[in-house]
Amino acid sequence: MTPVSSADLAARIARHRRPGETLVVGITGSVAVGKTTLARQIADALPSDLKVEIVSTDGFLKPNAVLEAAGLSMRKGFPESYDHAAMAAVMVGLKHGPVTVPAYSHAIYDVDPAAARTIAGADIVLVEGLGLAPDASGQRPPLDLLIYIDAAEDDIIVWFLDRFLGLWAAAANDPTSFYHRFRHMDEDEARAFAFSIWHSINRPNWLNHIARAKPVADIVVIKALDHRLSI
């Protein structure tokens with residue numbers, strides 16, 4: 001493995017850009033592996049004269065009401081919980097003109113229509129999140145490049161528990177937060193609950209679905225516990 005930085009990745013991405021065209025780059029990997037963070041770091045490292053946008057695939061999750069009606073509330077993040085047609089249309093549309101991109105709120109744990117935004121004329125769009133693995137036929141989403149972030153499971157669990165507990169703590173005085181419903185738990189109980197969520201939901205999704213993006217990725221980034229990167 002070769003050490004790599006976000007600046008190195010940004011340089012690799014920039015080399016693929018063609019003047020006058022929008023380059024659409026996917027960044028995927030397990031829940032809590034650091035997709036959003038890496039997307040922001042790459043965006044910051046790209047040349048300042050380029051217009052760069054970041055899109056989260058969370059915005060293409062079906063609304064909670066739709067998932068609940070379909071019996072999919074416990075399958076959020078799995079392939080069937082996404083509006084793949086809408087996601088693909090946006091990825092293609094980014095190259096041709098203004099598109100409206102939906103947004104998701106982790107605080108309310110649902111799609112937030114008020115947070116949708118319009119993107120036009122971007123030089124590079126980084127699309128980060130789940131739902132970017134090939135479909136059953138092996139077809140990859142319409143991306144110019146795909147980056148897969150890989151890491152040891154024990155490390156991902158550490159990051160997932162830290163994130164969950166951070167949201168749980170922040171919800172102490174925020175009854176509108178989705179995580180406020182878990183505030184009856186003490187910290188040990190919240191940690192144990194998060195650990196059970198990893199094993200019953202996120203781990204199977206990662207191994208059975210998300211990881212299918214790794215063999216077809218253009219770049220596979222390995223992330224260590226201390227957040228160092230290599231390829």
# chains A, B, ... in the order shown; residues from 1 in each chain; ligands from 1
>>> residues_around(residues="A:Lys95", least_positions_apart="2", cutoff="9 Å", atoms="only C-alpha atoms", output="list in words")
Glu21, Thr22, Leu23, Val24, Val90, Met91, Val92, Gly93, Gly97, Pro98, Ala120, Gly121 and Ala122 of chain A
>>> write_last_selection(atoms="N, CA and C atoms", output="PDB file, in the first residue's frame")
ATOM      1  N   GLU A  21     -16.746  20.610 -19.134  1.00  0.00           N
ATOM      2  CA  GLU A  21     -17.584  19.473 -18.757  1.00  0.00           C
ATOM      3  C   GLU A  21     -17.597  19.313 -17.241  1.00  0.00           C
ATOM      4  N   THR A  22     -18.666  18.720 -16.740  1.00  0.00           N
ATOM      5  CA  THR A  22     -18.776  18.432 -15.307  1.00  0.00           C
ATOM      6  C   THR A  22     -18.319  17.014 -15.039  1.00  0.00           C
ATOM      7  N   LEU A  23     -17.354  16.870 -14.162  1.00  0.00           N
ATOM      8  CA  LEU A  23     -16.861  15.554 -13.759  1.00  0.00           C
ATOM      9  C   LEU A  23     -17.632  15.118 -12.517  1.00  0.00           C
ATOM     10  N   VAL A  24     -18.253  13.951 -12.564  1.00  0.00           N
ATOM     11  CA  VAL A  24     -19.053  13.450 -11.448  1.00  0.00           C
ATOM     12  C   VAL A  24     -18.318  12.269 -10.816  1.00  0.00           C
ATOM     13  N   VAL A  90     -30.197  12.685 -11.614  1.00  0.00           N
ATOM     14  CA  VAL A  90     -29.425  13.837 -11.151  1.00  0.00           C
ATOM     15  C   VAL A  90     -27.975  13.722 -11.607  1.00  0.00           C
ATOM     16  N   MET A  91     -27.378  12.532 -11.496  1.00  0.00           N
ATOM     17  CA  MET A  91     -25.983  12.357 -11.913  1.00  0.00           C
ATOM     18  C   MET A  91     -25.808  12.702 -13.390  1.00  0.00           C
ATOM     19  N   VAL A  92     -26.749  12.284 -14.210  1.00  0.00           N
ATOM     20  CA  VAL A  92     -26.692  12.603 -15.639  1.00  0.00           C
ATOM     21  C   VAL A  92     -26.998  14.084 -15.859  1.00  0.00           C
ATOM     22  N   GLY A  93     -28.000  14.582 -15.133  1.00  0.00           N
ATOM     23  CA  GLY A  93     -28.417  15.966 -15.307  1.00  0.00           C
ATOM     24  C   GLY A  93     -27.365  16.982 -14.928  1.00  0.00           C
ATOM     25  N   GLY A  97     -27.165  20.743 -17.190  1.00  0.00           N
ATOM     26  CA  GLY A  97     -27.866  21.965 -16.809  1.00  0.00           C
ATOM     27  C   GLY A  97     -28.249  21.956 -15.351  1.00  0.00           C
ATOM     28  N   PRO A  98     -28.996  22.950 -14.922  1.00  0.00           N
ATOM     29  CA  PRO A  98     -29.390  23.019 -13.515  1.00  0.00           C
ATOM     30  C   PRO A  98     -30.199  21.793 -13.101  1.00  0.00           C
ATOM     31  N   ALA A 120     -25.752  24.050 -10.682  1.00  0.00           N
ATOM     32  CA  ALA A 120     -25.564  24.310 -12.111  1.00  0.00           C
ATOM     33  C   ALA A 120     -24.126  24.750 -12.353  1.00  0.00           C
ATOM     34  N   GLY A 121     -23.572  24.308 -13.465  1.00  0.00           N
ATOM     35  CA  GLY A 121     -22.271  24.791 -13.898  1.00  0.00           C
ATOM     36  C   GLY A 121     -21.093  24.367 -13.057  1.00  0.00           C
ATOM     37  N   ALA A 122     -21.204  23.279 -12.340  1.00  0.00           N
ATOM     38  CA  ALA A 122     -20.076  22.812 -11.523  1.00  0.00           C
ATOM     39  C   ALA A 122     -19.009  22.177 -12.407  1.00  0.00           C
TER      40      ALA A 122
END
>>> residues_around(residues="stretch 46-53 of chain A", least_positions_apart="2", cutoff="12 Å", atoms="only C-alpha atoms", output="PyMOL selection string")
chain A and resi 6-15+17-26+39-44+55-56+94+101+117-128
>>> write_last_selection(atoms="N, CA and C atoms", output="tab-separated table (two decimals), in the first residue's frame")
chain	number	residue	atom	x	y	z
A	6	SER	N	-5.51	13.55	0.99
A	6	SER	CA	-6.67	14.07	0.26
A	6	SER	C	-6.22	14.96	-0.89
A	7	ALA	N	-5.09	15.64	-0.72
A	7	ALA	CA	-4.56	16.46	-1.81
A	7	ALA	C	-4.13	15.59	-2.99
A	8	ASP	N	-3.53	14.43	-2.69
A	8	ASP	CA	-3.15	13.50	-3.76
A	8	ASP	C	-4.39	13.02	-4.52
A	9	LEU	N	-5.43	12.70	-3.77
A	9	LEU	CA	-6.67	12.24	-4.41
A	9	LEU	C	-7.29	13.36	-5.24
A	10	ALA	N	-7.25	14.58	-4.72
A	10	ALA	CA	-7.78	15.71	-5.46
A	10	ALA	C	-7.02	15.89	-6.78
A	11	ALA	N	-5.71	15.73	-6.74
A	11	ALA	CA	-4.91	15.87	-7.96
A	11	ALA	C	-5.27	14.79	-8.97
A	12	ARG	N	-5.47	13.57	-8.50
A	12	ARG	CA	-5.87	12.48	-9.40
A	12	ARG	C	-7.20	12.80	-10.06
A	13	ILE	N	-8.14	13.30	-9.25
A	13	ILE	CA	-9.46	13.64	-9.78
A	13	ILE	C	-9.37	14.77	-10.79
A	14	ALA	N	-8.61	15.80	-10.46
A	14	ALA	CA	-8.49	16.97	-11.34
A	14	ALA	C	-7.93	16.59	-12.71
A	15	ARG	N	-7.07	15.59	-12.75
A	15	ARG	CA	-6.48	15.17	-14.02
A	15	ARG	C	-7.51	14.58	-14.97
A	17	ARG	N	-10.58	15.80	-15.30
A	17	ARG	CA	-11.55	16.81	-15.71
A	17	ARG	C	-11.23	17.33	-17.11
A	18	ARG	N	-12.31	17.54	-17.88
A	18	ARG	CA	-12.18	18.14	-19.20
A	18	ARG	C	-12.83	19.53	-19.15
A	19	PRO	N	-12.12	20.55	-19.64
A	19	PRO	CA	-12.68	21.90	-19.61
A	19	PRO	C	-14.07	21.96	-20.26
A	20	GLY	N	-14.98	22.64	-19.60
A	20	GLY	CA	-16.33	22.78	-20.14
A	20	GLY	C	-17.27	21.65	-19.80
A	21	GLU	N	-16.75	20.61	-19.13
A	21	GLU	CA	-17.58	19.47	-18.76
A	21	GLU	C	-17.60	19.31	-17.24
A	22	THR	N	-18.67	18.72	-16.74
A	22	THR	CA	-18.78	18.43	-15.31
A	22	THR	C	-18.32	17.01	-15.04
A	23	LEU	N	-17.35	16.87	-14.16
A	23	LEU	CA	-16.86	15.55	-13.76
A	23	LEU	C	-17.63	15.12	-12.52
A	24	VAL	N	-18.25	13.95	-12.56
A	24	VAL	CA	-19.05	13.45	-11.45
A	24	VAL	C	-18.32	12.27	-10.82
A	25	VAL	N	-17.96	12.44	-9.55
A	25	VAL	CA	-17.13	11.47	-8.84
A	25	VAL	C	-17.90	10.92	-7.64
A	26	GLY	N	-18.01	9.61	-7.55
A	26	GLY	CA	-18.67	8.97	-6.42
A	26	GLY	C	-17.67	8.60	-5.34
A	39	ALA	N	-14.88	13.64	1.30
A	39	ALA	CA	-15.40	14.50	0.23
A	39	ALA	C	-15.08	15.96	0.51
A	40	ARG	N	-15.26	16.39	1.76
A	40	ARG	CA	-14.95	17.79	2.10
A	40	ARG	C	-13.45	18.06	1.98
A	41	GLN	N	-12.62	17.11	2.41
A	41	GLN	CA	-11.18	17.31	2.32
A	41	GLN	C	-10.72	17.40	0.86
A	42	ILE	N	-11.28	16.55	0.01
A	42	ILE	CA	-10.93	16.59	-1.41
A	42	ILE	C	-11.40	17.91	-2.02
A	43	ALA	N	-12.61	18.33	-1.70
A	43	ALA	CA	-13.14	19.59	-2.23
A	43	ALA	C	-12.24	20.76	-1.84
A	44	ASP	N	-11.78	20.76	-0.60
A	44	ASP	CA	-10.91	21.85	-0.12
A	44	ASP	C	-9.55	21.83	-0.81
A	55	VAL	N	-22.56	16.41	-3.12
A	55	VAL	CA	-23.94	15.91	-3.04
A	55	VAL	C	-23.93	14.65	-2.19
A	56	SER	N	-24.84	14.56	-1.23
A	56	SER	CA	-24.98	13.35	-0.43
A	56	SER	C	-26.09	12.47	-0.99
A	94	LEU	N	-26.48	16.62	-14.00
A	94	LEU	CA	-25.42	17.54	-13.58
A	94	LEU	C	-24.53	17.95	-14.75
A	101	VAL	N	-31.27	19.09	-6.24
A	101	VAL	CA	-30.73	17.97	-5.47
A	101	VAL	C	-31.42	17.92	-4.11
A	117	ARG	N	-31.50	21.90	-2.96
A	117	ARG	CA	-30.81	23.02	-3.58
A	117	ARG	C	-30.59	22.74	-5.07
A	118	THR	N	-30.33	23.81	-5.81
A	118	THR	CA	-30.09	23.70	-7.24
A	118	THR	C	-28.60	23.82	-7.53
A	119	ILE	N	-28.10	22.93	-8.38
A	119	ILE	CA	-26.69	22.94	-8.77
A	119	ILE	C	-26.62	23.15	-10.28
A	120	ALA	N	-25.75	24.05	-10.68
A	120	ALA	CA	-25.56	24.31	-12.11
A	120	ALA	C	-24.13	24.75	-12.35
A	121	GLY	N	-23.57	24.31	-13.46
A	121	GLY	CA	-22.27	24.79	-13.90
A	121	GLY	C	-21.09	24.37	-13.06
A	122	ALA	N	-21.20	23.28	-12.34
A	122	ALA	CA	-20.08	22.81	-11.52
A	122	ALA	C	-19.01	22.18	-12.41
A	123	ASP	N	-17.76	22.37	-12.03
A	123	ASP	CA	-16.67	21.69	-12.72
A	123	ASP	C	-16.52	20.25	-12.24
A	124	ILE	N	-16.65	20.07	-10.93
A	124	ILE	CA	-16.55	18.74	-10.32
A	124	ILE	C	-17.65	18.60	-9.27
A	125	VAL	N	-18.35	17.49	-9.30
A	125	VAL	CA	-19.34	17.17	-8.27
A	125	VAL	C	-18.92	15.88	-7.59
A	126	LEU	N	-18.78	15.95	-6.28
A	126	LEU	CA	-18.46	14.78	-5.47
A	126	LEU	C	-19.74	14.24	-4.88
A	127	VAL	N	-20.11	13.03	-5.27
A	127	VAL	CA	-21.34	12.39	-4.79
A	127	VAL	C	-20.94	11.37	-3.75
A	128	GLU	N	-21.23	11.66	-2.48
A	128	GLU	CA	-20.78	10.77	-1.41
A	128	GLU	C	-21.95	10.09	-0.72
>>> residues_around(residues="A:Asp154", least_positions_apart="6", cutoff="12 Å", atoms="only C-alpha atoms", output="ChimeraX atom specification")
/A:32-33,160-161,195,198-199,203,223-225
>>> write_last_selection(atoms="C-alpha atoms", output="PDB file, in the first residue's frame")
ATOM      1  CA  ALA A  32     -19.264   5.708   9.379  1.00  0.00           C
ATOM      2  CA  VAL A  33     -16.129   5.080   7.299  1.00  0.00           C
ATOM      3  CA  PHE A 160     -19.774   4.268  14.235  1.00  0.00           C
ATOM      4  CA  LEU A 161     -20.094   4.132  18.019  1.00  0.00           C
ATOM      5  CA  PHE A 195     -23.323  -1.926  18.777  1.00  0.00           C
ATOM      6  CA  TRP A 198     -24.072  -2.213  13.679  1.00  0.00           C
ATOM      7  CA  HIS A 199     -24.293  -5.995  13.798  1.00  0.00           C
ATOM      8  CA  ARG A 203     -22.712  -4.847   8.968  1.00  0.00           C
ATOM      9  CA  LYS A 223      -8.278   4.104   5.946  1.00  0.00           C
ATOM     10  CA  ALA A 224      -6.485   3.325   9.221  1.00  0.00           C
ATOM     11  CA  LEU A 225      -7.842   3.900  12.730  1.00  0.00           C
TER      12      LEU A 225
END
>>> select_by_dssp(residues="stretch 23-202 of chain A", states="helix (DSSP H, G or I)", output="VMD selection string")
chain A and resid 35 to 45 57 to 60 64 to 69 73 to 75 79 to 81 84 to 93 113 to 115 153 to 173 178 to 182 187 to 202
>>> atom_distance(atom1="atom CA of A:Ala190", atom2="atom CA of A:Ile156")
17.2 Å
>>> residues_around(residues="A:Gly71", least_positions_apart="6", cutoff="12 Å", atoms="only C-alpha atoms", output="ChimeraX atom specification")
/A:64-65,80-81
>>> closest_residue(among="A:Ala114, A:Val99, A:Ile201, A:Ile231", to="A:Asp150", atoms="only C-alpha atoms")
A:Ile231
>>> select_by_dssp(residues="stretch 83-170 of chain A", states="strand (DSSP E or B)", output="PyMOL selection string")
chain A and resi 99-101+104-105+110-111+117-119+124-128+145-150
>>> closest_residue(among="A:Lys35, A:Lys62, A:His227, A:His184", to="A:Ala152", atoms="only C-alpha atoms")
A:His227
>>> atom_distance(atom1="atom CA of A:Ser105", atom2="atom CA of A:Asn205")
20.8 Å
>>> closest_atom_pairs(of="stretch 85-120 of chain A", to="stretch 163-183 of chain A", cutoff="7 Å", atoms="only C-alpha atoms", output="Markdown table")
| residue | atom | partner | partner_atom | distance |
| --- | --- | --- | --- | --- |
| A:Ala107 | CA | A:Ser177 | CA | 4.9 |
| A:Ile108 | CA | A:Phe178 | CA | 5.0 |
| A:Tyr109 | CA | A:Phe178 | CA | 5.9 |
>>> atom_distance(atom1="atom CA of A:Val216", atom2="atom CA of A:Leu130")
14.7 Å
>>> residues_around(residues="A:Ala217", least_positions_apart="3", cutoff="12 Å", atoms="only C-alpha atoms", output="CSV table (one decimal) with N, CA and C atoms, in the first residue's frame")
chain,number,residue,atom,x,y,z
A,25,VAL,N,-18.0,12.4,-9.6
A,25,VAL,CA,-17.1,11.5,-8.8
A,25,VAL,C,-17.9,10.9,-7.6
A,26,GLY,N,-18.0,9.6,-7.6
A,26,GLY,CA,-18.7,9.0,-6.4
A,26,GLY,C,-17.7,8.6,-5.3
A,27,ILE,N,-18.1,8.7,-4.1
A,27,ILE,CA,-17.3,8.3,-2.9
A,27,ILE,C,-18.2,7.4,-2.1
A,28,THR,N,-17.8,6.2,-1.9
A,28,THR,CA,-18.7,5.3,-1.1
A,28,THR,C,-17.9,4.4,-0.2
A,29,GLY,N,-18.5,3.6,0.6
A,29,GLY,CA,-17.9,2.8,1.6
A,29,GLY,C,-18.9,2.6,2.7
A,132,LEU,N,-24.2,3.5,-4.2
A,132,LEU,CA,-23.4,3.6,-5.4
A,132,LEU,C,-22.8,2.3,-5.9
A,133,ALA,N,-23.2,1.2,-5.3
A,133,ALA,CA,-22.7,-0.1,-5.7
A,133,ALA,C,-23.4,-0.5,-7.0
A,134,PRO,N,-22.9,-1.4,-7.7
A,134,PRO,CA,-23.5,-1.9,-9.0
A,134,PRO,C,-24.9,-2.5,-8.6
A,140,ARG,N,-22.9,-0.1,-13.0
A,140,ARG,CA,-22.5,0.9,-12.0
A,140,ARG,C,-23.3,2.2,-12.3
A,141,PRO,N,-23.6,3.0,-11.2
A,141,PRO,CA,-24.3,4.3,-11.5
A,141,PRO,C,-23.5,5.1,-12.5
A,143,LEU,N,-21.4,7.4,-13.1
A,143,LEU,CA,-20.3,8.2,-12.5
A,143,LEU,C,-19.1,8.2,-13.4
A,144,ASP,N,-18.3,9.3,-13.5
A,144,ASP,CA,-17.1,9.3,-14.2
A,144,ASP,C,-16.0,8.5,-13.5
A,145,LEU,N,-16.0,8.7,-12.2
A,145,LEU,CA,-15.0,8.0,-11.3
A,145,LEU,C,-15.7,7.5,-10.0
A,146,LEU,N,-15.3,6.4,-9.5
A,146,LEU,CA,-15.8,5.9,-8.2
A,146,LEU,C,-14.7,5.6,-7.3
A,147,ILE,N,-14.7,6.2,-6.1
A,147,ILE,CA,-13.7,6.0,-5.0
A,147,ILE,C,-14.4,5.1,-3.9
A,148,TYR,N,-13.8,4.1,-3.5
A,148,TYR,CA,-14.3,3.2,-2.4
A,148,TYR,C,-13.4,3.3,-1.2
A,149,ILE,N,-13.9,3.7,-0.1
A,149,ILE,CA,-13.1,3.7,1.2
A,149,ILE,C,-13.3,2.4,1.9
A,150,ASP,N,-12.2,1.8,2.2
A,150,ASP,CA,-12.2,0.5,2.9
A,150,ASP,C,-11.5,0.7,4.2
A,210,ILE,N,-22.9,-2.8,0.0
A,210,ILE,CA,-22.0,-1.7,-0.2
A,210,ILE,C,-20.7,-2.1,-0.7
A,211,ALA,N,-20.1,-3.2,-0.2
A,211,ALA,CA,-18.8,-3.7,-0.6
A,211,ALA,C,-18.8,-4.2,-2.0
A,212,ARG,N,-19.9,-4.3,-2.7
A,212,ARG,CA,-19.9,-4.7,-4.1
A,212,ARG,C,-19.3,-3.6,-5.0
A,213,ALA,N,-19.2,-2.4,-4.4
A,213,ALA,CA,-18.6,-1.3,-5.1
A,213,ALA,C,-17.1,-1.4,-5.2
A,214,LYS,N,-16.5,-2.1,-4.3
A,214,LYS,CA,-15.1,-2.1,-4.2
A,214,LYS,C,-14.4,-2.7,-5.5
A,220,VAL,N,-9.4,2.6,-4.8
A,220,VAL,CA,-9.7,2.0,-3.5
A,220,VAL,C,-8.8,2.7,-2.4
A,221,VAL,N,-9.4,3.4,-1.5
A,221,VAL,CA,-8.6,4.0,-0.4
A,221,VAL,C,-8.7,3.2,0.9
A,231,ILE,N,-3.4,3.7,-0.6
A,231,ILE,CA,-4.1,3.1,-1.8
A,231,ILE,C,-3.3,1.9,-2.2
>>> decode(residues="stretch 152-182 of chain A", atoms="C-alpha atoms", output="compact mmCIF listing (two decimals), in the first residue's frame")
# COMPACT_ATOMS: atom_id res chain seq x y z
CA ALA A 152 -10.96 -2.84 9.10
CA GLU A 153 -14.29 -3.67 10.68
CA ASP A 154 -13.04 -3.05 14.22
CA ASP A 155 -12.04 0.48 13.21
CA ILE A 156 -15.38 1.16 11.53
CA ILE A 157 -17.17 0.04 14.69
CA VAL A 158 -15.15 2.54 16.74
CA TRP A 159 -16.12 5.36 14.36
CA PHE A 160 -19.77 4.27 14.24
CA LEU A 161 -20.09 4.13 18.02
CA ASP A 162 -18.42 7.52 18.37
CA ARG A 163 -20.80 9.07 15.84
CA PHE A 164 -23.88 7.53 17.41
CA LEU A 165 -22.90 8.63 20.90
CA GLY A 166 -22.16 12.12 19.63
CA LEU A 167 -25.64 12.44 18.14
CA TRP A 168 -27.14 10.86 21.28
CA ALA A 169 -25.35 13.39 23.49
CA ALA A 170 -26.33 16.34 21.30
CA ALA A 171 -30.00 15.30 21.54
CA ALA A 172 -30.10 15.78 25.33
CA ASN A 173 -31.72 19.20 25.01
CA ASP A 174 -33.20 18.84 21.55
CA PRO A 175 -36.58 17.06 21.56
CA THR A 176 -36.79 17.47 17.76
CA SER A 177 -33.76 15.23 17.24
CA PHE A 178 -34.37 11.65 16.16
CA TYR A 179 -31.84 10.60 18.80
CA HIS A 180 -33.81 12.22 21.63
CA ARG A 181 -35.87 9.01 21.84
CA PHE A 182 -32.76 7.21 23.09
